[in-house]
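Q: One structure is given below, represented as structure tokens, and several questions about it will come after.
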Amino acid sequence: MTESEKNNYIFRIKEVLELVRPYLQADGGDIDFVDLSDDLRVFVKLTGACGTCAMSIQTLKFGVEHSLKNAIPEIKEVVAV
């Protein structure tokens, strides 16, 4: 993937995360974009209440990952770091 393509993906990912963010913040949490791998795995950090919540994996997979894959079908996976 070229640097331009990667930057385009990152821009789109951050747009989707901005749409998801209010739902996380409503429960005292937040999310930060960390990185995008060349094989289109998105690395994020759940913070605040989401960082320590027992349900954070479900939030990540069924909320964040689902939203990202709907908007950007090429995304393979979302991984918490």
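Ordering of the structure tokens sets the chain letters (A, B, ...); residue numbers start at 1 within each chain; ligands are numbered from 1 in the order shown.
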Write down as number ranges by chain the residues belonging to range 3-61 of chain A that are assigned alpha helix (DSSP H) by DSSP computed on the backbone.
A: A: 3-26, 49-52, 56-58
Q: Can you pull out every residue within 7 Å of range 12-28 of chain A, counting only C-alpha atoms, but drop anything in the same chain fewer than 5 positions away, and send it as a count of residues only?
A: 4
Q: Just how far from CA of Ala80 in chain A is CA of Ile57 in chain A, in Å to one decimal?
A: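 Atom-to-atom, CA of Ile57 in chain A and CA of Ala80 in chain A are spaced 8.3 Å apart.
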Q: Compile the contact shell of Leu36 in chain A as a list in words: residues with an atom at most 12 Å away, counting only C-alpha atoms, same-chain residues fewer than 3 positions apart removed.
A: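 Close residues of Leu36 in chain A: Met1, Glu3, Glu5, Lys6, Asn7, Asn8, Tyr9, Ile10, Phe11, Arg12, Ile13, Lys14, Phe33, Asp39, Leu40, Arg41, Val42, Phe43, Val44, Ile75, Lys76, Glu77, Val78, Val79 and Ala80 of chain A.
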Q: Just list the residues in chain A DSSP gives strand (DSSP E or B) on the backbone, as a ChimeraX atom specification.
A: /A:29-36,41-48,77-80
Q: Please produce an output containing N, CA and C atoms for each residue in the selection, written as a PDB file, in the first residue's frame.
A:
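In the end it all went to selection04.pdb:
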ATOM      1  N   GLY A  29     -15.874   6.401  28.688  1.00  0.00           N
ATOM      2  CA  GLY A  29     -14.687   5.901  27.989  1.00  0.00           C
ATOM      3  C   GLY A  29     -14.349   6.735  26.780  1.00  0.00           C
ATOM      4  N   ASP A  30     -13.388   6.265  26.031  1.00  0.00           N
ATOM      5  CA  ASP A  30     -12.975   6.931  24.798  1.00  0.00           C
ATOM      6  C   ASP A  30     -12.124   5.951  23.997  1.00  0.00           C
ATOM      7  N   ILE A  31     -11.724   6.380  22.813  1.00  0.00           N
ATOM      8  CA  ILE A  31     -10.920   5.532  21.939  1.00  0.00           C
ATOM      9  C   ILE A  31      -9.900   6.406  21.217  1.00  0.00           C
ATOM     10  N   ASP A  32      -8.699   5.876  21.069  1.00  0.00           N
ATOM     11  CA  ASP A  32      -7.637   6.568  20.344  1.00  0.00           C
ATOM     12  C   ASP A  32      -7.143   5.670  19.213  1.00  0.00           C
ATOM     13  N   PHE A  33      -6.992   6.257  18.030  1.00  0.00           N
ATOM     14  CA  PHE A  33      -6.371   5.544  16.916  1.00  0.00           C
ATOM     15  C   PHE A  33      -4.884   5.446  17.206  1.00  0.00           C
ATOM     16  N   VAL A  34      -4.304   4.252  17.011  1.00  0.00           N
ATOM     17  CA  VAL A  34      -2.878   4.044  17.257  1.00  0.00           C
ATOM     18  C   VAL A  34      -2.125   3.842  15.947  1.00  0.00           C
ATOM     19  N   ASP A  35      -2.594   2.897  15.119  1.00  0.00           N
ATOM     20  CA  ASP A  35      -1.854   2.588  13.901  1.00  0.00           C
ATOM     21  C   ASP A  35      -2.726   1.786  12.935  1.00  0.00           C
ATOM     22  N   LEU A  36      -2.266   1.707  11.706  1.00  0.00           N
ATOM     23  CA  LEU A  36      -2.869   0.881  10.668  1.00  0.00           C
ATOM     24  C   LEU A  36      -1.755   0.069  10.044  1.00  0.00           C
ATOM     25  N   ARG A  41      -5.102  -3.989   9.380  1.00  0.00           N
ATOM     26  CA  ARG A  41      -5.544  -4.194  10.753  1.00  0.00           C
ATOM     27  C   ARG A  41      -5.415  -2.845  11.457  1.00  0.00           C
ATOM     28  N   VAL A  42      -6.480  -2.472  12.138  1.00  0.00           N
ATOM     29  CA  VAL A  42      -6.528  -1.183  12.819  1.00  0.00           C
ATOM     30  C   VAL A  42      -6.207  -1.408  14.291  1.00  0.00           C
ATOM     31  N   PHE A  43      -5.263  -0.644  14.802  1.00  0.00           N
ATOM     32  CA  PHE A  43      -4.878  -0.735  16.209  1.00  0.00           C
ATOM     33  C   PHE A  43      -5.393   0.501  16.928  1.00  0.00           C
ATOM     34  N   VAL A  44      -6.145   0.248  18.015  1.00  0.00           N
ATOM     35  CA  VAL A  44      -6.732   1.336  18.788  1.00  0.00           C
ATOM     36  C   VAL A  44      -6.457   1.112  20.264  1.00  0.00           C
ATOM     37  N   LYS A  45      -6.629   2.178  21.027  1.00  0.00           N
ATOM     38  CA  LYS A  45      -6.498   2.084  22.477  1.00  0.00           C
ATOM     39  C   LYS A  45      -7.801   2.571  23.088  1.00  0.00           C
ATOM     40  N   LEU A  46      -8.427   1.700  23.869  1.00  0.00           N
ATOM     41  CA  LEU A  46      -9.610   2.086  24.617  1.00  0.00           C
ATOM     42  C   LEU A  46      -9.141   2.738  25.916  1.00  0.00           C
ATOM     43  N   THR A  47      -9.707   3.885  26.239  1.00  0.00           N
ATOM     44  CA  THR A  47      -9.265   4.625  27.416  1.00  0.00           C
ATOM     45  C   THR A  47     -10.442   4.892  28.347  1.00  0.00           C
ATOM     46  N   GLY A  48     -10.141   5.473  29.505  1.00  0.00           N
ATOM     47  CA  GLY A  48     -11.174   5.773  30.481  1.00  0.00           C
ATOM     48  C   GLY A  48     -11.838   4.496  30.956  1.00  0.00           C
ATOM     49  N   GLU A  77      -9.499  -6.309  10.663  1.00  0.00           N
ATOM     50  CA  GLU A  77      -9.680  -6.540  12.087  1.00  0.00           C
ATOM     51  C   GLU A  77      -9.355  -5.256  12.838  1.00  0.00           C
ATOM     52  N   VAL A  78      -9.946  -5.142  14.019  1.00  0.00           N
ATOM     53  CA  VAL A  78      -9.603  -4.054  14.936  1.00  0.00           C
ATOM     54  C   VAL A  78      -9.006  -4.695  16.174  1.00  0.00           C
ATOM     55  N   VAL A  79      -7.844  -4.206  16.570  1.00  0.00           N
ATOM     56  CA  VAL A  79      -7.090  -4.801  17.683  1.00  0.00           C
ATOM     57  C   VAL A  79      -6.841  -3.736  18.749  1.00  0.00           C
ATOM     58  N   ALA A  80      -7.128  -4.094  20.000  1.00  0.00           N
ATOM     59  CA  ALA A  80      -6.836  -3.193  21.128  1.00  0.00           C
ATOM     60  C   ALA A  80      -5.379  -3.357  21.544  1.00  0.00           C
TER      61      ALA A  80
END
Q: State, in Å with one decimal place, the distance from CA of Phe62 in chain A to CA of Ser4 in chain A.
A: 29.1 Å
